[in-house]
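Source file: query26.cif (mmCIF, C-alpha atoms)
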data_model
#
loop_
_atom_site.label_atom_id
_atom_site.label_comp_id
_atom_site.auth_asym_id
_atom_site.auth_seq_id
_atom_site.Cartn_x
_atom_site.Cartn_y
_atom_site.Cartn_z
CA MET A 8 117.09 178.73 34.27
CA GLY A 9 118.46 181.95 35.78
CA THR A 10 115.61 182.29 38.23
CA THR A 11 115.86 178.74 39.52
CA VAL A 12 119.19 179.29 41.29
CA VAL A 13 119.11 183.03 41.72
CA ALA A 14 120.13 182.82 45.41
CA LEU A 15 123.42 181.23 44.36
CA SER A 16 124.20 182.16 40.78
CA THR A 17 123.48 185.89 40.78
CA ILE A 18 125.95 186.63 43.57
CA LEU A 19 128.46 183.80 43.56
CA ALA A 20 130.92 185.07 46.14
CA THR A 21 128.34 186.49 48.54
CA GLY A 22 126.09 183.45 48.34
CA MET A 23 128.98 181.06 48.88
CA MET A 24 130.34 182.93 51.89
CA LEU A 25 126.83 183.05 53.33
CA TRP A 26 126.47 179.29 53.46
CA TRP A 27 130.05 178.90 54.67
CA ARG A 28 129.26 181.24 57.54
CA ARG A 29 126.39 178.98 58.60
CA LEU A 30 128.92 176.33 59.68
CA ASP A 31 131.35 178.28 61.88
CA GLY A 32 129.24 181.30 62.86
CA ALA A 33 131.90 183.74 61.64
CA SER A 34 131.88 186.20 58.75
CA PRO A 35 134.45 185.77 55.99
CA ALA A 36 137.67 187.60 56.59
CA ALA A 37 137.62 191.11 55.16
CA SER A 38 140.96 190.44 53.52
CA ALA A 39 139.63 187.58 51.37
CA SER A 40 140.80 187.95 47.81
CA GLU A 41 138.09 189.43 45.61
CA SER A 42 139.73 187.72 42.64
CA ASP A 43 139.27 184.30 44.28
CA PRO A 44 135.75 184.01 45.71
CA LEU A 45 136.51 180.35 46.54
CA ALA A 46 139.38 181.21 48.87
CA HIS A 47 137.43 180.01 51.91
CA VAL A 48 136.30 176.75 50.30
CA PRO A 49 138.32 173.56 50.95
CA ALA A 50 139.98 172.13 47.87
CA GLU A 51 137.82 168.99 48.15
CA LEU A 52 134.67 171.08 47.61
CA ARG A 53 135.80 173.65 45.08
CA THR A 54 134.61 171.81 41.97
CA ALA A 55 131.21 171.17 43.50
CA VAL A 56 130.80 174.78 44.63
CA MET A 57 131.82 176.18 41.24
CA ILE A 58 129.22 173.99 39.53
CA MET A 59 126.39 174.36 42.04
CA THR A 60 126.70 178.16 42.19
CA ASP A 61 126.87 178.80 38.45
CA ALA A 62 123.66 178.57 36.44
CA ARG A 63 125.35 177.60 33.18
CA GLN A 64 127.53 174.87 34.74
CA LEU A 65 124.53 173.58 36.66
CA ALA A 66 122.50 173.34 33.46
CA TYR A 67 125.29 171.33 31.82
CA MET A 68 125.23 168.90 34.75
CA TRP A 69 121.46 168.38 34.71
CA ILE A 70 121.59 167.66 30.96
CA ALA A 71 124.57 165.29 31.25
CA LEU A 72 122.90 163.30 34.04
CA GLY A 73 119.46 163.28 32.43
CA LEU A 74 117.87 165.13 35.33
CA GLY A 75 116.80 168.24 33.41
CA GLY A 76 116.96 170.08 30.08
CA PRO A 77 115.80 173.11 28.12
CA ASP A 78 112.67 171.35 26.90
CA GLY A 79 111.42 169.83 30.16
CA GLY A 80 112.81 172.30 32.69
CA TRP A 81 115.37 172.26 35.48
CA PRO A 82 115.58 171.07 39.07
CA ASN A 83 115.70 174.01 41.46
CA VAL A 84 118.72 174.34 43.78
CA LEU A 85 117.47 176.26 46.81
CA THR A 86 120.43 176.46 49.18
CA MET A 87 123.89 175.06 49.70
CA THR A 88 125.22 174.73 53.23
CA ARG A 89 128.65 173.83 54.55
CA VAL A 90 128.56 170.96 57.08
CA PRO A 91 131.39 169.07 58.85
CA SER A 92 131.22 166.16 56.38
CA GLY A 93 131.15 168.36 53.27
CA ALA A 94 128.13 170.26 52.00
CA ILE A 95 124.36 169.90 51.74
CA ALA A 96 122.35 171.16 48.77
CA GLU A 97 118.59 171.49 49.02
CA VAL A 98 116.93 170.69 45.71
CA GLN A 99 113.38 170.88 44.37
CA MET A 100 112.85 168.00 41.95
CA LEU A 101 111.59 168.57 38.44
CA GLY A 102 107.89 167.96 38.01
CA GLY A 103 107.17 164.40 36.95
CA GLN A 104 110.36 162.95 38.45
CA LYS A 105 110.38 160.02 40.87
CA LEU A 106 112.51 159.79 43.99
CA THR A 107 114.28 156.75 42.53
CA ASP A 108 115.42 158.90 39.59
CA TRP A 109 117.76 160.51 42.13
CA THR A 110 118.44 157.82 44.72
CA ASN A 111 119.54 154.95 42.47
CA ASP A 112 123.21 154.03 42.74
CA ASP A 113 124.05 155.02 39.15
CA THR A 114 122.71 158.55 39.53
CA ARG A 115 124.43 159.05 42.89
CA ASP A 116 127.73 157.88 41.41
CA GLN A 117 127.30 160.17 38.38
CA LEU A 118 126.61 163.14 40.69
CA ALA A 119 129.71 162.35 42.77
CA GLN A 120 131.95 162.06 39.70
CA TYR A 121 130.60 165.24 38.12
CA LEU A 122 130.92 167.28 41.33
CA GLY A 123 134.32 165.84 42.18
CA VAL A 124 133.45 164.46 45.64
CA PRO A 125 133.91 160.94 47.02
CA LYS A 126 130.24 160.26 47.63
CA VAL A 127 126.79 161.81 47.22
CA LEU A 128 123.85 160.68 49.34
CA VAL A 129 120.31 161.64 48.41
CA THR A 130 117.52 161.92 50.98
CA GLN A 131 113.95 163.09 50.52
CA THR A 132 112.90 165.85 52.93
CA ASP A 133 109.36 166.53 51.67
CA PRO A 134 107.32 165.43 48.65
CA GLY A 135 109.11 166.93 45.67
CA PHE A 136 112.12 168.07 47.70
CA LEU A 137 115.38 166.35 48.59
CA THR A 138 118.92 166.99 49.80
CA LEU A 139 122.16 166.17 48.04
CA ASP A 140 124.66 165.30 50.76
CA LEU A 141 128.15 165.82 49.34
CA ARG A 142 130.46 163.68 51.48
CA CYS A 143 134.14 164.64 51.52
CA TRP A 144 135.00 163.55 55.06
CA ASP A 145 133.66 160.86 57.39
CA THR A 146 133.14 162.55 60.74
CA LEU A 147 132.60 159.15 62.38
CA ALA A 148 135.76 157.48 61.07
CA ASP A 149 137.57 157.71 64.41
CA PRO A 150 136.34 155.81 67.49
CA ALA A 151 134.21 157.81 69.88
CA ILE A 152 135.91 157.66 73.26
CA VAL A 153 133.66 157.54 76.32
CA HIS A 154 133.45 160.94 77.93
CA PRO A 155 134.89 160.90 81.50
CA ASP A 156 131.60 162.27 82.84
CA ALA A 157 130.05 158.89 82.05
CA PHE A 158 131.80 157.56 85.15
CA THR A 159 131.34 160.54 87.46
CA ALA A 160 127.87 161.91 86.70
CA THR A 161 125.43 162.00 89.58
CA GLY A 162 122.28 162.60 87.58
CA VAL A 163 120.78 160.59 84.74
CA ASP A 164 118.05 161.62 82.31
CA LEU A 165 116.47 158.34 81.26
CA SER A 166 114.87 160.10 78.29
CA ALA A 167 118.26 161.27 76.95
CA VAL A 168 121.07 158.82 77.73
CA PRO A 169 124.42 159.72 76.09
CA VAL A 170 125.48 156.77 73.94
CA GLY A 171 127.88 158.24 71.37
CA VAL A 172 128.24 160.98 68.79
CA ARG A 173 126.13 161.99 65.82
CA GLU A 174 127.48 162.76 62.39
CA ASP A 175 126.92 166.46 62.99
CA GLY A 176 129.16 166.37 66.08
CA ARG A 177 126.41 166.49 68.66
CA THR A 178 126.00 163.89 71.39
CA TRP A 179 123.91 160.89 70.41
CA LEU A 180 121.15 160.66 73.03
CA VAL A 181 118.90 157.61 73.38
CA ARG A 182 115.58 157.48 75.19
CA LEU A 183 115.41 154.44 77.46
CA LEU A 184 112.32 155.17 79.54
CA GLY A 185 109.10 154.24 77.76
CA VAL A 186 110.63 152.67 74.66
CA HIS A 187 111.75 149.33 73.28
CA ILE A 188 114.97 149.26 71.24
CA LEU A 189 115.92 146.94 68.40
CA LEU A 190 119.66 146.81 67.73
CA ALA A 191 120.66 144.92 64.58
CA GLY A 192 124.10 144.36 63.14
CA ALA A 193 126.43 141.77 61.67
CA THR A 194 129.17 140.13 63.72
CA GLY A 195 131.73 142.77 64.69
CA SER A 196 129.43 145.69 63.85
CA GLY A 197 129.55 147.09 67.38
CA LYS A 198 126.36 145.92 69.09
CA GLY A 199 128.32 145.51 72.32
CA SER A 200 129.56 149.11 72.06
CA VAL A 201 125.98 150.39 71.92
CA LEU A 202 124.79 148.23 74.82
CA TRP A 203 127.76 149.01 77.08
CA SER A 204 127.47 152.71 76.22
CA LEU A 205 123.86 152.60 77.40
CA VAL A 206 125.01 150.90 80.61
CA ALA A 207 127.69 153.55 81.13
CA GLY A 208 125.12 156.29 80.60
CA ILE A 209 122.70 154.98 83.23
CA ALA A 210 125.20 153.53 85.73
CA PRO A 211 124.55 156.21 88.40
CA ALA A 212 120.83 155.43 88.16
CA ILE A 213 121.61 151.73 88.66
CA LYS A 214 123.59 152.55 91.78
CA ALA A 215 120.82 154.80 93.11
CA GLY A 216 118.17 152.11 92.56
CA TYR A 217 116.22 153.90 89.84
CA VAL A 218 117.03 151.25 87.20
CA ASP A 219 117.14 147.47 87.52
CA VAL A 220 118.95 145.75 84.66
CA TRP A 221 117.90 142.21 83.75
CA VAL A 222 120.30 140.64 81.28
CA ALA A 223 119.73 137.60 79.05
CA ASP A 224 123.03 136.50 77.52
CA PRO A 225 122.44 133.21 75.65
CA LYS A 226 126.06 133.13 74.48
CA GLY A 227 127.11 131.52 77.74
CA GLY A 228 127.30 134.83 79.57
CA MET A 229 130.56 135.84 77.88
CA GLU A 230 129.48 139.31 76.76
CA PHE A 231 127.99 140.55 80.02
CA SER A 232 129.51 138.51 82.84
CA ARG A 233 132.19 141.16 83.37
CA GLY A 234 129.50 143.57 84.57
CA GLU A 235 127.53 141.04 86.60
CA ASP A 236 127.64 143.14 89.77
CA LEU A 237 125.62 145.80 87.93
CA TRP A 238 122.74 143.48 87.04
CA THR A 239 119.69 142.71 89.13
CA ARG A 240 119.13 139.49 87.15
CA PHE A 241 121.61 137.69 84.91
CA GLU A 242 120.70 134.54 83.00
CA TRP A 243 122.54 132.70 80.22
CA THR A 244 120.77 129.33 79.87
CA ALA A 245 117.53 128.82 77.95
CA ALA A 246 115.66 127.72 81.07
CA GLY A 247 117.04 130.59 83.11
CA ILE A 248 116.21 133.22 80.49
CA LEU A 249 112.66 131.98 79.97
CA GLY A 250 112.16 131.87 83.74
CA MET A 251 113.43 135.44 84.03
CA LEU A 252 111.11 136.66 81.27
CA ALA A 253 108.15 134.88 82.88
CA GLU A 254 108.96 136.57 86.18
CA ALA A 255 109.24 139.93 84.43
CA VAL A 256 105.77 139.49 82.92
CA ALA A 257 104.30 138.55 86.31
CA GLN A 258 105.88 141.53 88.03
CA MET A 259 104.82 143.84 85.20
CA GLU A 260 101.21 142.75 85.54
CA GLU A 261 101.33 143.19 89.30
CA ARG A 262 102.81 146.66 88.94
CA SER A 263 100.14 147.57 86.41
CA THR A 264 97.48 146.60 88.92
CA GLN A 265 99.15 148.69 91.64
CA LEU A 266 99.46 151.77 89.45
CA LYS A 267 95.88 151.44 88.28
CA ALA A 268 94.66 151.20 91.86
CA ALA A 269 96.69 154.30 92.74
CA ARG A 270 95.32 156.06 89.64
CA VAL A 271 98.81 156.87 88.42
CA ARG A 272 98.68 158.08 84.82
CA LYS A 273 102.41 158.40 84.15
CA PHE A 274 105.09 156.11 85.50
CA VAL A 275 108.07 157.80 87.17
CA PRO A 276 110.98 155.58 88.27
CA SER A 277 111.90 155.50 91.94
CA PRO A 278 113.96 153.22 94.21
CA ASP A 279 110.67 151.64 95.32
CA MET A 280 109.50 151.13 91.74
CA PRO A 281 112.47 151.29 89.33
CA LEU A 282 112.60 151.13 85.58
CA VAL A 283 113.22 147.50 84.66
CA TRP A 284 115.47 147.40 81.61
CA ILE A 285 115.53 143.95 80.01
CA VAL A 286 118.50 143.34 77.70
CA ILE A 287 118.36 140.34 75.37
CA ASP A 288 121.64 139.75 73.56
CA GLU A 289 121.19 137.61 70.44
CA GLY A 290 117.68 136.29 70.93
CA ALA A 291 118.06 133.83 68.04
CA ALA A 292 119.22 131.26 70.58
CA LEU A 293 115.63 131.15 71.85
CA SER A 294 113.59 132.37 68.90
CA SER A 295 115.10 130.25 66.14
CA PHE A 296 117.32 127.53 67.54
CA ALA A 297 115.36 126.39 70.60
CA SER A 298 112.56 123.84 70.81
CA ARG A 299 109.17 124.86 69.49
CA GLU A 300 107.82 125.07 73.02
CA ASP A 301 110.62 127.41 74.12
CA GLN A 302 110.24 129.47 70.95
CA GLU A 303 106.56 130.00 71.68
CA LYS A 304 107.28 130.97 75.29
CA PHE A 305 109.90 133.46 74.14
CA ARG A 306 107.50 134.97 71.60
CA GLN A 307 104.73 135.20 74.18
CA TYR A 308 106.81 136.69 77.00
CA THR A 309 108.57 139.28 74.86
CA GLY A 310 105.29 140.20 73.15
CA LEU A 311 103.59 140.84 76.49
CA LEU A 312 106.51 142.89 77.78
CA GLN A 313 106.65 144.99 74.62
CA SER A 314 102.92 145.54 74.26
CA GLN A 315 102.20 146.31 77.93
CA GLY A 316 105.49 147.25 79.55
CA ARG A 317 106.21 150.76 78.30
CA ALA A 318 103.55 152.45 80.39
CA VAL A 319 104.59 150.79 83.65
CA GLY A 320 108.36 150.96 83.44
CA TYR A 321 109.45 147.82 81.59
CA SER A 322 111.69 148.40 78.58
CA VAL A 323 113.12 145.73 76.29
CA THR A 324 116.29 146.07 74.24
CA ALA A 325 117.11 143.22 71.87
CA ALA A 326 120.39 142.87 69.98
CA VAL A 327 120.31 140.57 66.93
CA GLN A 328 122.44 139.67 63.94
CA ASP A 329 119.48 138.67 61.80
CA PRO A 330 116.53 141.09 62.21
CA SER A 331 113.97 138.74 60.64
CA LYS A 332 110.69 137.95 62.36
CA GLU A 333 111.91 134.41 62.92
CA THR A 334 114.73 135.83 65.05
CA MET A 335 112.76 138.66 66.69
CA PRO A 336 109.10 137.67 66.38
CA ASN A 337 107.66 140.94 67.73
CA ARG A 338 109.86 143.21 65.63
CA GLN A 339 107.05 145.67 64.89
CA LEU A 340 106.75 146.55 68.60
CA PHE A 341 110.18 148.21 68.78
CA ASN A 342 109.78 151.97 68.53
CA VAL A 343 113.51 152.78 68.40
CA ARG A 344 115.53 150.93 65.75
CA ILE A 345 119.29 151.02 65.35
CA GLY A 346 120.79 149.47 62.24
CA LEU A 347 124.55 148.95 62.39
CA ARG A 348 126.51 147.31 59.58
CA LEU A 349 124.22 144.84 57.79
CA GLN A 350 125.02 142.46 54.97
CA GLU A 351 121.93 142.66 52.79
CA LEU A 352 119.39 145.18 51.55
CA THR A 353 116.58 142.94 52.83
CA GLN A 354 117.97 143.26 56.37
CA ILE A 355 117.88 147.06 56.13
CA LYS A 356 114.22 146.79 55.15
CA MET A 357 113.55 144.51 58.13
CA VAL A 358 114.94 147.11 60.53
CA HIS A 359 114.00 150.43 58.92
CA GLY A 360 111.28 149.72 56.36
CA ASP A 361 110.95 149.08 52.64
CA SER A 362 112.26 152.42 51.35
CA ALA A 363 114.87 152.88 54.08
CA LYS A 364 117.91 152.88 51.81
CA ASP A 365 116.34 155.45 49.47
CA ARG A 366 115.62 157.58 52.52
CA GLY A 367 119.23 157.46 53.70
CA ALA A 368 119.76 154.34 55.86
CA ARG A 369 122.75 152.78 54.10
CA CYS A 370 123.65 150.13 56.64
CA ASP A 371 125.16 147.90 53.95
CA GLU A 372 127.73 150.58 53.11
CA ILE A 373 129.16 150.93 56.63
CA PRO A 374 132.87 149.92 56.59
CA ALA A 375 133.78 146.89 58.67
CA ASP A 376 136.52 148.86 60.42
CA THR A 377 134.08 151.34 61.99
CA PRO A 378 132.25 149.31 64.66
CA GLY A 379 129.49 151.19 66.40
CA VAL A 380 128.48 153.22 63.34
CA GLY A 381 124.82 152.96 62.42
CA TYR A 382 121.57 154.61 61.42
CA VAL A 383 118.89 155.36 64.02
CA ALA A 384 115.16 155.76 63.49
CA GLU A 385 112.50 156.51 66.09
CA ASP A 386 108.73 156.38 65.80
CA GLY A 387 107.32 159.86 65.39
CA LYS A 388 110.53 161.32 63.93
CA ASP A 389 111.34 161.70 60.26
CA GLY A 390 114.49 160.41 58.64
CA PHE A 391 117.57 158.72 60.03
CA VAL A 392 120.48 159.89 62.13
CA ARG A 393 123.94 158.51 61.43
CA VAL A 394 125.79 157.87 64.68
CA ARG A 395 128.73 156.12 66.30
CA ALA A 396 128.59 154.58 69.78
CA PHE A 397 131.25 155.23 72.38
CA MET A 398 134.09 152.76 72.67
CA VAL A 399 133.82 151.02 76.06
CA THR A 400 136.88 148.95 76.94
CA ASP A 401 137.24 146.19 79.53
CA ASP A 402 138.99 148.69 81.80
CA ASP A 403 136.01 151.03 81.43
CA ILE A 404 133.64 148.22 82.40
CA ASP A 405 135.77 147.42 85.44
CA ALA A 406 135.64 151.10 86.41
CA LEU A 407 131.85 151.11 86.04
CA VAL A 408 131.52 148.02 88.24
CA ALA A 409 133.84 149.47 90.87
CA ALA A 410 131.96 152.76 90.97
CA TYR A 411 128.37 151.61 90.57
CA GLY A 412 128.21 147.87 91.27
CA ARG A 413 126.38 146.29 94.17
CA GLU A 414 128.03 146.65 97.56
CA GLU A 415 128.67 143.23 99.10
CA PRO A 416 127.95 142.79 102.83
CA ASP A 417 131.02 143.24 105.03
CA TYR A 418 131.52 140.05 107.01
CA SER A 419 134.94 140.97 108.39
CA PRO A 420 135.36 141.15 112.21
CA GLN A 421 134.21 144.49 113.58
CA ALA A 422 135.98 144.18 117.00
CA ASP A 423 138.88 142.46 118.76
CA TYR A 424 137.75 139.02 119.91
CA THR A 425 141.13 137.91 121.28
CA GLY A 426 140.58 135.62 124.31
CA PHE A 427 136.88 135.14 123.58
CA ASP A 428 135.55 131.88 125.09
CA PRO A 429 132.28 130.81 123.47
CA ASP A 430 131.58 128.41 126.41
CA TYR A 431 131.86 131.10 129.08
CA ILE A 432 128.56 131.83 130.92
CA PRO A 433 128.61 135.05 132.97
CA GLY A 434 127.61 134.45 136.63
CA GLU A 435 128.25 130.71 136.44
CA ASP A 436 131.78 130.39 135.13
CA ASP A 437 133.35 133.39 136.92
CA ASP A 438 135.13 133.29 140.30
CA LEU A 439 131.96 133.98 142.27
CA GLY A 440 129.68 131.51 140.59
CA ARG A 441 131.89 128.83 139.03
CA ALA A 442 130.06 125.57 138.64
CA ALA A 443 131.15 122.85 141.03
#
In structure tokens, write the structure found in this file.
Amino acid sequence: MGTTVVALSTILATGMMLWWRRLDGASPAASASESDPLAHVPAELRTAVMIMTDARQLAYMWIALGLGGPDGGWPNVLTMTRVPSGAIAEVQMLGGQKLTDWTNDDTRDQLAQYLGVPKVLVTQTDPGFLTLDLRCWDTLADPAIVHPDAFTATGVDLSAVPVGVREDGRTWLVRLLGVHILLAGATGSGKGSVLWSLVAGIAPAIKAGYVDVWVADPKGGMEFSRGEDLWTRFEWTAAGILGMLAEAVAQMEERSTQLKAARVRKFVPSPDMPLVWIVIDEGAALSSFASREDQEKFRQYTGLLQSQGRAVGYSVTAAVQDPSKETMPNRQLFNVRIGLRLQELTQIKMVHGDSAKDRGARCDEIPADTPGVGYVAEDGKDGFVRVRAFMVTDDDIDALVAAYGREEPDYSPQADYTGFDPDYIPGEDDDLGRAA
């Protein structure tokens, strides 16, 4: 057992200060008490650190939880790192164990109680390896206020739009160009926060003509009417939305022909050929509750846009409460998936896959009083990122519209027309040529 945690157990104080230093970049104070090697550890983590950095205590825990023993061997704790939410321990599983031996709710609760922390999350990093995420603080508990630069920026990177904050404190960046985004969450989970944060992040590009936003708001236009001056197209009736999607497909196919003729291999937005971002808020109104004919049209139009649009500058973002295929028929074509608070395990699977919860996407555990918190997955990237969208208020939306909305033509008088006679004909009605 001694060799399995040698990096931690053989030099308790040094090992502990080493992983603490990885958080703040500073060495422990030279005056730290040698008699209290845990002086730099928060009280909330002291029990966990004492156990995880002591071979004997660690062995007692593995035996008590049924995760190891003197006959079968011991899991191997590789490192322990201080993070803003608590601490992360990297663990090599015991040979013959299954991932579910660690990720089931009973084991996670037993780990949390034994280590004296509010919550333990378990995520697999590689076959045979996982992380124990010891949660003492929720870094996303407070609303994420929109950064002032969202309203003053002059440049926009459509591959990295600031939408909120990540659990590790970094900015949550979302790729909009060349992707389709599925946003799923229960009522009040913060779907509007995500969508409006995306709008705030690209608003300068809207003003400059590099992005056209086409909005389908089947809920009578209530969610997005406040920003109507930012949209190129805005529809809220079934007929209007289907007509807009049909037009988008036609324009997409025409653009594809143009780019092929010009032998363009990679689309780059420009005022002459902007990115067309199609936002569908609660598509169930057309996919589940409309007539069969309208349902089929919706399925066909969105399928064509998703399967052919990425390469030529057409991106679809759909926000839904129910992520089933009946609600979003082409769900598999979304390559960025954001799961906010969801009610059921089956809904998590619909958004993030069958083993999503075991791999860390715990959308059903998001508190109702933290709208905008969710788990993000992207094709080609491993794991999930826990995030919280910015909070965009009505005043923020009004500021966005004022700064980046369409400029209406000025029809006010441009000169003084006092005394103007519209019937006066020069040369005929003056003193020299007045008509008889």
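Of the residues under consideration (A:Val380, A:Ile345, A:Val90, A:Leu137), A:Leu137 shows the shortest atom-to-atom contact distance to Gln104 in chain A when counting only C-alpha atoms.
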Determine, counting all atoms listed in the file, which protein, DNA and RNA residues have an atom within 10 Å of an atom of Gly227 in chain A; residues of the same chain fewer than 4 positions away are not included. Present the result as a PyMOL selection string. chain A and resi 223+231-232+242-245
Polymer residues at most 8 Å from (119.1, 173.6, 54.1) by only C-alpha atoms, as a short mmCIF file (atom, residue, chain, number, x, y, z; two decimals) with C-alpha atoms, in the frame of the given file:
data_model
loop_
_atom_site.label_atom_id
_atom_site.label_comp_id
_atom_site.auth_asym_id
_atom_site.auth_seq_id
_atom_site.Cartn_x
_atom_site.Cartn_y
_atom_site.Cartn_z
CA LEU A 85 117.47 176.26 46.81
CA THR A 86 120.43 176.46 49.18
CA MET A 87 123.89 175.06 49.70
CA THR A 88 125.22 174.73 53.23
CA ILE A 95 124.36 169.90 51.74
CA ALA A 96 122.35 171.16 48.77
CA GLU A 97 118.59 171.49 49.02
CA THR A 138 118.92 166.99 49.80
#
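Evaluating the PyMOL selection byres ((chain A and resi 332) around 12) against the shown model yields Gly290, Ala291, Ser294, Ser295, Arg306, Val327, Gln328, Asp329, Pro330, Ser331, Glu333, Thr334, Met335, Pro336, Asn337, Arg338, Gln339, Leu340, Gln354, Lys356, Met357 and Val358 of chain A.
Among A:Val163, A:Ala71, A:Ala210, A:Val181, the residue with the shortest atom-to-atom distance to Arg413 in chain A, counting all atoms listed in the file, is A:Ala210.
One finds CA of Pro378 in chain A at 29.5 Å from CA of Leu122 in chain A.
For the choices A:Gly208, A:Leu202, A:Leu106, A:Arg393, the atom-to-atom distance to Ser92 in chain A is smallest for A:Arg393 when using all atoms listed in the file.
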Measure the distance from CA of Leu312 in chain A to CA of Val256 in chain A in Å and round it to one decimal. 6.2 Å
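Going from CA of Val170 in chain A over to CA of Gly320 in chain A, you cover 20.4 Å.
Shortest separation to Met251 in chain A among A:Ile287, A:Met59, A:Leu141, A:Val394 occurs at residue A:Ile287, atoms counted being all atoms listed in the file.
Using all atoms listed in the file, the smallest distance between any of A:Gln131, A:Thr54, A:Thr114, A:Gln99 and Cys143 in chain A comes from A:Thr54.
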Using only C-alpha atoms, which protein or nucleic acid residues come within 9 Å of range 260-276 of chain A? Drop anything in the same chain fewer than 2 positions from it, and give the result as an mmCIF file with C-alpha atoms, in the coordinates of the input.
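Contents of the output file part33.cif:
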data_model
loop_
_atom_site.group_PDB
_atom_site.id
_atom_site.type_symbol
_atom_site.label_atom_id
_atom_site.label_comp_id
_atom_site.auth_asym_id
_atom_site.auth_seq_id
_atom_site.Cartn_x
_atom_site.Cartn_y
_atom_site.Cartn_z
ATOM 1 C CA LEU A 184 112.320 155.170 79.540
ATOM 2 C CA GLY A 185 109.100 154.240 77.760
ATOM 3 C CA TYR A 217 116.220 153.900 89.840
ATOM 4 C CA VAL A 218 117.030 151.250 87.200
ATOM 5 C CA ALA A 255 109.240 139.930 84.430
ATOM 6 C CA VAL A 256 105.770 139.490 82.920
ATOM 7 C CA ALA A 257 104.300 138.550 86.310
ATOM 8 C CA GLN A 258 105.880 141.530 88.030
ATOM 9 C CA PRO A 278 113.960 153.220 94.210
ATOM 10 C CA ASP A 279 110.670 151.640 95.320
ATOM 11 C CA MET A 280 109.500 151.130 91.740
ATOM 12 C CA PRO A 281 112.470 151.290 89.330
ATOM 13 C CA LEU A 282 112.600 151.130 85.580
ATOM 14 C CA GLN A 315 102.200 146.310 77.930
ATOM 15 C CA GLY A 316 105.490 147.250 79.550
ATOM 16 C CA ALA A 318 103.550 152.450 80.390
ATOM 17 C CA VAL A 319 104.590 150.790 83.650
ATOM 18 C CA GLY A 320 108.360 150.960 83.440
#
Starting from the displayed file, determine the output of the PyMOL selection byres ((chain A and resi 365-368) around 8) and express the residue list as an mmCIF file with C-alpha atoms, in the coordinates of the input.
data_model
loop_
_atom_site.group_PDB
_atom_site.id
_atom_site.type_symbol
_atom_site.label_atom_id
_atom_site.label_comp_id
_atom_site.auth_asym_id
_atom_site.auth_seq_id
_atom_site.Cartn_x
_atom_site.Cartn_y
_atom_site.Cartn_z
ATOM 1 C CA LEU A 106 112.510 159.790 43.990
ATOM 2 C CA THR A 107 114.280 156.750 42.530
ATOM 3 C CA THR A 110 118.440 157.820 44.720
ATOM 4 C CA ASN A 111 119.540 154.950 42.470
ATOM 5 C CA LEU A 128 123.850 160.680 49.340
ATOM 6 C CA VAL A 129 120.310 161.640 48.410
ATOM 7 C CA THR A 130 117.520 161.920 50.980
ATOM 8 C CA GLN A 131 113.950 163.090 50.520
ATOM 9 C CA ILE A 355 117.880 147.060 56.130
ATOM 10 C CA HIS A 359 114.000 150.430 58.920
ATOM 11 C CA SER A 362 112.260 152.420 51.350
ATOM 12 C CA ALA A 363 114.870 152.880 54.080
ATOM 13 C CA LYS A 364 117.910 152.880 51.810
ATOM 14 C CA ARG A 369 122.750 152.780 54.100
ATOM 15 C CA CYS A 370 123.650 150.130 56.640
ATOM 16 C CA TYR A 382 121.570 154.610 61.420
ATOM 17 C CA GLY A 390 114.490 160.410 58.640
ATOM 18 C CA PHE A 391 117.570 158.720 60.030
#
Might you pull out every residue within 10 Å of Ile404 in chain A, with all atoms listed in the file counted and same-chain residues fewer than 5 positions away left off, and present them as a ChimeraX atom specification? /A:158,203-204,206-207,231,233-234,399,409-410
Kindly indicate which residue among A:Met68, A:Glu300, A:Asp164, A:Thr194 lies nearest to Gln350 in chain A, using all atoms listed in the file for the distances. A:Thr194
Sel. within 10 Å of pt (121.6, 161.2, 67.0), counting only C-alpha atoms, output as a PyMOL selection string: chain A and resi 169-181+381-384+391-395
Carefully work through the PyMOL selection byres ((chain A and resi 195) around 9) for this structure and note down the residues it includes, as a ChimeraX atom specification. /A:192-194,196-199,348,375-376,378-379
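Using all atoms listed in the file, the contacts of Val186 in chain A at a cut-off of 7 Å, with sequence neighbours closer than 2 positions omitted, comprise Arg182, Leu183, Leu184, Ile188, Arg317, Ser322, Asn342 and Val343 of chain A.
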Kindly list the centre and edge lengths in Å, rounded to one decimal, for the axis-aligned box that covers all listed atoms of range 382-401 of chain A plus 6 Å on each of its six sides, as JSON.
{"center_x": 122.3, "center_y": 153.9, "center_z": 69.1, "size_x": 41.9, "size_y": 27.5, "size_z": 32.9}
Near-Thr377 in chain A list (8 Å; all atoms listed in the file; drop same-chain fewer than 3 positions) as a ChimeraX atom specification: /A:147-150,196,373-374,380
